[in-house]
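Enquirer: Data: data.txt, compact mmCIF, C-alpha atoms.
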```txt
# COMPACT_ATOMS: atom_id res chain seq x y z
CA MET U 1 -5.76 -16.83 19.63
CA SER U 2 -9.30 -15.50 20.27
CA ASP U 3 -8.05 -11.95 20.82
CA LEU U 4 -6.14 -11.84 17.54
CA VAL U 5 -7.59 -10.21 14.42
CA ARG U 6 -8.05 -12.71 11.61
CA ILE U 7 -6.68 -11.43 8.31
CA VAL U 8 -6.11 -12.56 4.74
CA LEU U 9 -3.31 -11.13 2.62
CA VAL U 10 -4.30 -10.62 -1.00
CA GLY U 11 -1.21 -11.21 -3.12
CA ALA U 12 1.62 -13.69 -2.68
CA GLY U 13 4.38 -12.25 -4.84
CA GLY U 14 7.40 -10.34 -3.60
CA HIS U 15 5.32 -7.49 -2.20
CA GLY U 16 2.95 -9.94 -0.56
CA ARG U 17 5.80 -11.77 1.14
CA GLU U 18 7.29 -8.46 2.30
CA THR U 19 3.90 -7.63 3.79
CA LEU U 20 3.99 -11.01 5.52
CA ASP U 21 7.30 -9.88 7.04
CA ALA U 22 5.50 -6.83 8.45
CA VAL U 23 2.71 -8.98 9.89
CA GLU U 24 5.28 -11.16 11.62
CA ALA U 25 7.21 -8.12 12.88
CA VAL U 26 4.05 -6.65 14.42
CA ASN U 27 3.26 -9.98 16.08
CA ARG U 28 6.76 -10.21 17.55
CA ARG U 29 6.18 -6.88 19.26
CA GLY U 30 2.78 -7.94 20.54
CA PRO U 31 0.41 -10.64 19.22
CA THR U 32 -2.02 -8.82 16.93
CA TRP U 33 -2.79 -10.70 13.71
CA ASP U 34 -3.97 -14.23 13.03
CA LEU U 35 -2.94 -14.74 9.40
CA VAL U 36 -5.44 -17.23 7.98
CA GLY U 37 -3.77 -17.40 4.57
CA MET U 38 -3.27 -15.62 1.26
CA VAL U 39 -5.40 -15.07 -1.81
CA ALA U 40 -3.43 -15.07 -5.04
CA ASP U 41 -3.71 -15.86 -8.73
CA MET U 42 -0.05 -16.83 -9.02
CA ALA U 43 2.19 -18.00 -6.19
CA ASP U 44 5.51 -19.77 -5.75
CA GLY U 45 4.53 -22.73 -3.63
CA GLU U 46 8.06 -23.42 -2.46
CA LEU U 47 8.62 -19.85 -1.26
CA LEU U 48 5.28 -19.79 0.55
CA ALA U 49 5.87 -23.20 2.11
CA ARG U 50 9.10 -21.91 3.62
CA ARG U 51 7.03 -19.16 5.26
CA GLY U 52 4.31 -21.51 6.46
CA ALA U 53 1.70 -19.66 4.38
CA VAL U 54 -1.19 -21.23 2.48
CA VAL U 55 -3.16 -20.02 -0.55
CA LEU U 56 -6.89 -19.97 0.08
CA GLY U 57 -7.96 -19.31 -3.49
CA PRO U 58 -7.64 -16.94 -6.48
CA SER U 59 -8.54 -13.27 -6.44
CA ASP U 60 -11.85 -13.97 -8.20
CA ASP U 61 -12.89 -15.80 -5.03
CA LEU U 62 -11.81 -13.04 -2.62
CA VAL U 63 -15.28 -12.17 -1.34
CA GLU U 64 -16.20 -15.84 -0.91
CA VAL U 65 -12.95 -16.49 0.98
CA LEU U 66 -13.48 -13.53 3.32
CA LEU U 67 -16.98 -14.73 4.16
CA ARG U 68 -15.89 -18.34 4.56
CA VAL U 69 -12.99 -17.66 6.93
CA ASP U 70 -14.60 -14.58 8.54
CA ALA U 71 -11.52 -12.38 8.24
CA GLY U 72 -10.34 -8.93 7.32
CA TYR U 73 -8.21 -8.31 4.24
CA HIS U 74 -5.09 -6.41 3.23
CA LEU U 75 -4.28 -5.83 -0.45
CA ALA U 76 -0.60 -6.83 -0.57
CA ILE U 77 -0.25 -6.04 -4.28
CA GLY U 78 2.17 -3.51 -5.75
CA SER U 79 -0.06 -2.30 -8.59
CA SER U 80 -2.22 0.72 -7.76
CA GLY U 81 -4.78 -0.23 -10.39
CA ALA U 82 -5.04 -3.84 -9.23
CA ARG U 83 -5.61 -2.74 -5.64
CA ALA U 84 -8.31 -0.31 -6.74
CA ARG U 85 -10.12 -2.97 -8.79
CA LEU U 86 -10.09 -5.57 -6.02
CA ASP U 87 -11.09 -3.05 -3.38
CA ALA U 88 -14.08 -2.02 -5.51
CA VAL U 89 -15.25 -5.65 -5.63
CA VAL U 90 -14.98 -6.02 -1.85
CA VAL U 91 -16.71 -2.69 -1.20
CA ALA U 92 -19.53 -3.61 -3.59
CA ALA U 93 -20.04 -6.80 -1.57
CA GLY U 94 -20.45 -4.72 1.58
CA LEU U 95 -17.15 -5.85 3.12
CA GLY U 96 -15.08 -2.71 2.64
CA ASP U 97 -14.97 -2.07 6.37
CA ARG U 98 -12.86 -5.21 6.75
CA ALA U 99 -9.79 -3.53 5.22
CA VAL U 100 -6.80 -3.85 7.55
CA THR U 101 -4.00 -1.29 7.88
CA ILE U 102 -0.51 -2.72 8.44
CA VAL U 103 2.27 -0.54 9.86
CA HIS U 104 5.71 -2.10 10.27
CA PRO U 105 7.23 -1.39 13.70
CA ARG U 106 10.16 0.37 12.01
CA ALA U 107 7.88 2.83 10.19
CA THR U 108 7.47 6.32 11.67
CA THR U 109 4.40 8.52 11.85
CA GLY U 110 4.18 12.00 13.32
CA GLY U 111 1.32 13.91 14.88
CA ASP U 112 -1.95 14.89 13.20
CA VAL U 113 -1.76 12.12 10.61
CA ARG U 114 -4.86 10.54 9.06
CA ILE U 115 -4.29 7.03 7.74
CA GLY U 116 -6.97 5.39 5.63
CA ALA U 117 -8.12 1.80 5.84
CA GLY U 118 -5.82 -0.74 4.20
CA VAL U 119 -2.71 1.48 4.19
CA TYR U 120 0.70 -0.24 4.27
CA LEU U 121 3.78 1.38 5.81
CA ALA U 122 6.94 -0.64 5.20
CA PRO U 123 10.10 -0.59 7.34
CA GLY U 124 11.76 2.82 7.15
CA ALA U 125 8.65 4.55 5.79
CA VAL U 126 8.15 8.03 7.26
CA VAL U 127 4.98 10.13 7.45
CA THR U 128 5.58 13.44 9.21
CA THR U 129 2.81 15.82 10.32
CA ASN U 130 -0.62 16.89 9.04
CA VAL U 131 -0.62 14.22 6.33
CA THR U 132 -3.63 12.41 4.88
CA LEU U 133 -3.09 8.98 3.33
CA GLY U 134 -6.03 7.59 1.39
CA ARG U 135 -7.46 4.10 1.42
CA HIS U 136 -5.07 1.25 0.48
CA THR U 137 -2.13 3.58 -0.19
CA HIS U 138 1.28 1.92 0.16
CA LEU U 139 4.58 3.42 1.29
CA ASN U 140 7.34 0.96 0.56
CA VAL U 141 10.78 0.73 2.17
CA ASN U 142 12.21 4.16 3.13
CA ALA U 143 9.50 6.14 1.32
CA VAL U 144 8.80 9.55 2.87
CA VAL U 145 5.69 11.75 2.78
CA SER U 146 6.39 15.10 4.42
CA HIS U 147 4.25 17.70 6.17
CA ASP U 148 0.86 18.93 4.97
CA CYS U 149 0.52 16.49 2.08
CA VAL U 150 -2.78 15.04 0.87
CA VAL U 151 -2.49 11.61 -0.76
CA GLY U 152 -5.42 9.90 -2.46
CA ASP U 153 -6.58 6.29 -2.51
CA HIS U 154 -4.60 3.32 -3.87
CA VAL U 155 -1.40 5.31 -4.37
CA THR U 156 1.91 3.42 -4.59
CA PHE U 157 5.20 4.88 -3.37
CA SER U 158 8.05 2.54 -4.34
CA PRO U 159 11.19 2.28 -2.17
CA GLY U 160 13.02 5.54 -1.53
CA VAL U 161 10.34 7.91 -2.86
CA LEU U 162 10.48 11.39 -1.31
CA VAL U 163 7.38 13.60 -1.35
CA ASN U 164 8.17 17.04 0.04
CA GLY U 165 5.73 19.21 1.97
CA ASN U 166 2.39 20.56 0.77
CA ALA U 167 2.15 18.17 -2.16
CA THR U 168 -1.12 16.73 -3.45
CA ILE U 169 -1.23 13.22 -4.92
CA GLY U 170 -4.23 11.91 -6.86
CA ASP U 171 -5.85 8.48 -6.63
CA ARG U 172 -3.98 5.49 -8.06
CA ALA U 173 -0.81 7.46 -8.84
CA PHE U 174 2.32 5.29 -9.01
CA PHE U 175 5.85 6.42 -8.12
CA GLY U 176 8.92 4.45 -9.18
CA THR U 177 11.91 3.87 -6.94
CA GLY U 178 13.67 7.04 -5.81
CA ALA U 179 11.22 9.49 -7.40
CA ILE U 180 11.09 12.95 -5.80
CA VAL U 181 8.21 15.43 -5.63
CA LEU U 182 9.24 19.00 -4.83
CA PRO U 183 7.30 21.09 -2.29
CA GLY U 184 3.82 22.22 -3.27
CA ARG U 185 3.60 20.21 -6.47
CA SER U 186 0.65 18.03 -7.45
CA VAL U 187 0.51 14.70 -9.27
CA GLY U 188 -2.82 13.78 -10.86
CA ALA U 189 -4.87 10.62 -10.63
CA ASP U 190 -3.52 7.57 -12.48
CA ALA U 191 -0.23 9.33 -13.27
CA VAL U 192 3.03 7.35 -13.31
CA VAL U 193 6.23 9.01 -12.11
CA GLY U 194 9.24 7.02 -13.24
CA ALA U 195 12.11 5.80 -11.12
CA GLY U 196 14.48 8.61 -10.18
CA ALA U 197 12.28 11.32 -11.73
CA VAL U 198 12.12 14.73 -10.05
CA VAL U 199 8.72 16.44 -10.19
CA THR U 200 9.36 20.19 -10.42
CA HIS U 201 5.99 21.12 -11.99
CA ASP U 202 2.46 19.80 -11.52
CA VAL U 203 1.92 16.46 -13.31
CA PRO U 204 -1.50 16.04 -14.96
CA ALA U 205 -3.74 13.02 -14.50
CA GLN U 206 -2.75 9.90 -16.48
CA ALA U 207 0.61 11.38 -17.51
CA ARG U 208 3.83 9.31 -17.55
CA ALA U 209 6.51 11.58 -16.14
CA VAL U 210 10.19 10.64 -16.42
CA GLY U 211 13.58 12.31 -16.10
CA VAL U 212 15.20 15.17 -14.21
CA PRO U 213 13.32 17.42 -14.26
CA ALA U 214 10.34 15.17 -14.98
CA ARG U 215 8.75 15.63 -18.42
CA TRP U 216 5.76 14.07 -20.15
CA ASP U 217 3.99 14.24 -23.50
```
Would you write the structure of this file as structure tokens?

Expert:
Amino acid sequence: MSDLVRIVLVGAGGHGRETLDAVEAVNRRGPTWDLVGMVADMADGELLARRGAVVLGPSDDLVEVLLRVDAGYHLAIGSSGARARLDAVVVAAGLGDRAVTIVHPRATTGGDVRIGAGVYLAPGAVVTTNVTLGRHTHLNVNAVVSHDCVVGDHVTFSPGVLVNGNATIGDRAFFGTGAIVLPGRSVGADAVVGAGAVVTHDVPAQARAVGVPARWD
């Protein structure tokens, strides 16, 4: 166990338990992580017990927990804004370098890819070539980011999102299931692109874009 990296998952909902799946899948391929436990404000004790996971405390105690158990952390929370807020607390405490990136063995990355600390790549996620993924960005099941894209920090790509080549995605943007971004388009910081929306024109920061083609007020 001494060679394993001690980690804490932050979040114990559905996304947190899916991230636990990824941790276990990595360990089956080759022992890597020593999961100490989870930090969560709300958790289904029965579901976690079936997984053999324990809750170490609420999110307000995250820094104290990390110091007490001497572990790294992964923000296993679906909300872009929530990840950004918690990450800011950890960084302010001087522990930001403990962020752990988790890549499921069934995710695919190409050449010349830069992956920030705390990134999550779910099974079926694809990152092609010359792509930058910012800190704590999440690609969920079967999400794709194609060539020459630049993606900011704390971005969330829900299952089945397709970002075509040369796109630029701002910090904390959120993409609903099956959303599509056409080549060369940009989506601003804190924007929300609804499920199934198709981005054919640049989406400004903080906009809520829905429909085909995507429109916003």

Enquirer: Interatomic distance between CA of Thr101 in chain U and CA of Gly134 in chain U?

Expert: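 Spanning CA of Thr101 in chain U to CA of Gly134 in chain U is a straight-line distance of 11.2 Å.
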
Enquirer: What does the distance between CA of Leu95 in chain U and CA of Gly16 in chain U come to in Å, to one decimal place?

Expert: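 Rounded to one decimal, the two atoms are 20.8 Å apart.
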
Enquirer: What lies within 8 Å of Val10 in chain U using all atoms listed in the file, ignoring chain neighbours under 5 positions off, as a list in words?

Expert: Gly16, Met38, Val39, Ala40, Ser59, Tyr73, His74, Leu75, Ala76 and Ile77 of chain U

Enquirer: Which neighbours of Leu86 in chain U fall inside 9 Å, counting all atoms listed in the file, when residues of the same chain fewer than 3 positions from it are skipped, and could you give them as a list in words?

Expert: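 Once the nearby chain positions are removed, what remains is Ser59, Asp60, Leu62, Leu75, Gly81, Ala82, Arg83, Val89, Val90 and Val91 of chain U.
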
Enquirer: So how far away is CA of Val127 in chain U from CA of Gly96 in chain U, in Å?

Expert: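 Rounded to one decimal, the two atoms are 24.3 Å apart.
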
Enquirer: Nearest to Val119 in chain U: which of U:Ala167, U:Met42, U:Val65, U:Val103 is it, counting all atoms listed in the file?

Expert: U:Val103

Enquirer: Which residue gives the smallest distance to Ala88 in chain U among U:Arg17, U:Thr132, U:Gly72, U:His154, with only C-alpha atoms counted?

Expert: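 With only C-alpha atoms as the atom set, the closest residue is U:His154.
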
Enquirer: Could you list, as a list in words, every residue within 9 Å of Val113 in chain U, counting all atoms listed in the file and ignoring same-chain residues fewer than 6 positions away?

Expert: Val127, Thr128, Thr129, Asn130, Val131, Thr132 and Leu133 of chain U

Enquirer: Pick the closest to Thr156 in chain U from U:Val203, U:Ala122, U:Leu67, U:Leu182: which is it, counting all atoms listed in the file?

Expert: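 Closest to Thr156 in chain U, using all atoms listed in the file: U:Ala122.
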
Enquirer: With all atoms listed in the file as the basis for distance, which of U:Gly160, U:Gly188, U:Gly52, U:Pro204 is at the shortest distance from Gly124 in chain U?

Expert: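 Checking each of U:Gly160, U:Gly188, U:Gly52, U:Pro204 against Gly124 in chain U, counting all atoms listed in the file, the winner is U:Gly160.
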
Enquirer: What lies within 9 Å of Arg135 in chain U using only C-alpha atoms, ignoring chain neighbours under 3 positions off, as a list in words?

Expert: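 Counting only C-alpha atoms, the residues come to Ala99, Ile115, Gly116, Ala117, Gly118, Val119, Gly152, Asp153, His154 and Val155 of chain U.
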
Enquirer: Which of these residues is nearest to Ser158 in chain U, using only C-alpha atoms: U:Gly14, U:Ala195, U:Val54, U:Ala92?

Expert: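 Checking each candidate against Ser158 in chain U, we get U:Ala195 as the closest.
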
Enquirer: Determine the nearest neighbour of Ala191 in chain U from the options U:Asp97, U:Glu18, U:Asp171, U:Asp61, counting all atoms listed in the file.

Expert: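 Closest to Ala191 in chain U of all the choices is U:Asp171.
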
Enquirer: Can you tell me, as a PyMOL selection string, which residues sit within 12 Å of (3.6, 20.3, -6.1) in the file's frame, using all atoms listed in the file?

Expert: chain U and resi 148-151+163-170+180-188+198-204

Enquirer: Once 5 Å is added on each side, what centre and edge lengths in Å to one decimal does the axis-aligned box around all listed atoms of range 179-184 of chain U have, as JSON?

Expert:
```
{"center_x": 7.5, "center_y": 15.9, "center_z": -4.8, "size_x": 17.4, "size_y": 22.7, "size_z": 15.1}
```

Enquirer: For Arg51 in chain U, please output as a PyMOL selection string all residues within 10 Å (counting all atoms listed in the file; exclusion window: fewer than 6 positions along the same chain).

Expert: chain U and resi 17+20-21+45
